[in-house]
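Below you'll find the structure, written out as structure tokens, and then a few comments.
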Amino acid sequence: TQLLEQSPQFLSIQEGENLTVYCNSSSVFSSLQWYRQEPGEGPVLLVTVVTGGEVKKLKRLTFQFGDARKDSSLHITAAQPGDTGLYLCAGAPSGAGSYQLTFGKGTKLSVIP
Amino acid sequence: EPEVTQTPSHQVTQMGQEVILRCVPISNHLYFYWYRQILGQKVEFLVSFYNNEISEKSEIFDDQFSVERPDGSNFTLKIRSTKLEDSAMYFCASKVRTGLYGYTFGSGTRLTVV
């Protein structure tokens with residue numbers, strides 16, 4: 001069973017601060033996706049990273065996939081209250097034919113104005 | 001922006017009753033999924049569906065569960081005899097093709113079994 005551990009579980013910061021959340025596993029993933037989930041809603045895709053070492057930027061969000069494709073990080077610069085939410089990482093297993101996602105438990109981010 | 005639509009948004013059912021959760025995936029998507037999220041826990045894979053058949057299923061997806069695409073647009077999840085532990089948010093998701101692409105999730109159906 002492939003597991004994804006996210007840290008921290010909870011993060012409360014002031015508006016304007018920077019933050020990094022982490023997603024770690026002992027397993028190799030063919031791709032890793034980051035989602036954001038609002039209460040009572042489904043996850044919304046932010047980014048997919050595929051290549052080891054890959055870095056993708058989405059405005060103030062920077063996503064990195066580890067060289068060994070076992071871990072990933074999400075860095076937010078100058079956080080805003082609108083960034084508040086649950087951030088989930090999800091990995092697709094390495095190997096042919098399976099694209100079911102394994103999700104982490106998430107990091108709940110609160111950005112205080 | 002195209003959406004995955006799920007109905008109902010909330011369903012309350014008695015233990016032992018059958019429920020059908022409905023989903024309308026994005027029209028040009030070919031791969032369909034059901035995931036569930038028990039309150040406070042992580043999102044878990046249930047089943048994937050392509051070309052009118054199940055392509056993968058998890059250990060959770062036992063004989064009490066079934067999926068079908070009855071009319072080429074709707075995608076349904078049936079739970080034959082609900083148990084208390086089936087209470088969860090059920091998410092439908094779709095994607096346009098296989099491979100390393102992200103999913104579009106619906107807003108979910110909150111199933112409460114009493």
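All residue names refer to the structure tokens as shown: chains lettered A, B, ... in order, residues numbered from 1 in each chain, ligands numbered from 1 in order.
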Residues of chain A within 12 Å of chain B, counting only C-alpha atoms, what are they? List them as JSON, numbers by chain.
{"A": [1, 2, 3, 4, 5, 6, 9, 29, 30, 31, 32, 33, 34, 35, 36, 37, 38, 39, 40, 41, 42, 43, 44, 45, 46, 47, 48, 49, 50, 51, 86, 87, 88, 89, 90, 91, 92, 93, 94, 95, 96, 97, 98, 99, 100, 101, 102, 103, 104, 105, 106, 107, 108]}
Where in chain A does DSSP assign strand (DSSP E), given as JSON, numbers by chain?
{"A": [5, 6, 7, 10, 11, 12, 13, 14, 19, 20, 21, 22, 23, 24, 29, 30, 31, 32, 33, 34, 35, 36, 37, 44, 45, 46, 47, 48, 49, 55, 56, 57, 58, 61, 62, 63, 64, 65, 71, 72, 73, 74, 75, 76, 85, 86, 87, 88, 89, 90, 91, 92, 93, 102, 103, 107, 108, 109, 110, 111, 112]}
Applying 7 Å and only C-alpha atoms, which residues near segment 61-67 of chain B remain after dropping the ones on its own chain fewer than 5 positions away? List them as a list of chain:residue names.
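The neighbour list is B:Leu46, B:Val47, B:Thr76, B:Leu77, B:Lys78, B:Ile79, B:Arg80, B:Ser81.
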Rounded to one decimal place, report the atom CA of Ser87 of chain B-atom CA of Cys23 of chain A distance in Å.
27.5 Å
Quick check, in Å to one decimal: how far apart do atom CA of Glu1 of chain B and atom CA of Ser73 of chain B lie?
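For atom CA of Glu1 of chain B relative to atom CA of Ser73 of chain B, the distance reads 17.8 Å.
Taking atom CA of Ile20 of chain B and atom CA of Val96 of chain B as endpoints, the distance between them is 24.2 Å.
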Could you give me, as a compact mmCIF listing (two decimals) with all heavy atoms, in the first residue's frame, the residues within 7 Å of Arg97 of chain B, counting only C-alpha atoms and dropping anything in the same chain fewer than 5 positions from it?
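Once everything was written out, this is out.txt:
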```txt
# COMPACT_ATOMS: atom_id res chain seq x y z
N HIS B 29 -15.09 13.55 -21.71
CA HIS B 29 -14.22 12.72 -20.88
C HIS B 29 -14.57 11.25 -21.05
O HIS B 29 -15.73 10.89 -21.28
CB HIS B 29 -14.32 13.14 -19.41
CG HIS B 29 -13.60 14.41 -19.09
ND1 HIS B 29 -13.34 14.82 -17.81
CD2 HIS B 29 -13.07 15.36 -19.90
CE1 HIS B 29 -12.69 15.96 -17.84
NE2 HIS B 29 -12.52 16.32 -19.10
N LEU B 30 -13.54 10.42 -20.94
CA LEU B 30 -13.72 9.00 -21.22
C LEU B 30 -13.50 8.11 -20.01
O LEU B 30 -13.86 6.94 -20.02
CB LEU B 30 -12.74 8.56 -22.32
CG LEU B 30 -12.88 9.29 -23.67
CD1 LEU B 30 -11.79 8.81 -24.62
CD2 LEU B 30 -14.27 9.05 -24.28
N TYR B 31 -12.85 8.66 -18.97
CA TYR B 31 -12.48 7.87 -17.81
C TYR B 31 -13.22 8.42 -16.59
O TYR B 31 -13.20 9.62 -16.34
CB TYR B 31 -10.96 7.93 -17.58
CG TYR B 31 -10.20 7.29 -18.71
CD1 TYR B 31 -9.93 7.99 -19.89
CD2 TYR B 31 -9.78 5.97 -18.63
CE1 TYR B 31 -9.28 7.39 -20.94
CE2 TYR B 31 -9.11 5.36 -19.68
CZ TYR B 31 -8.87 6.08 -20.83
OH TYR B 31 -8.22 5.48 -21.88
```
Asn74 of chain B: which residues within 10 Å, counting only C-alpha atoms, same-chain residues fewer than 3 positions away excluded, as a ChimeraX atom specification?
/B:5-6,22-25,27,68-71
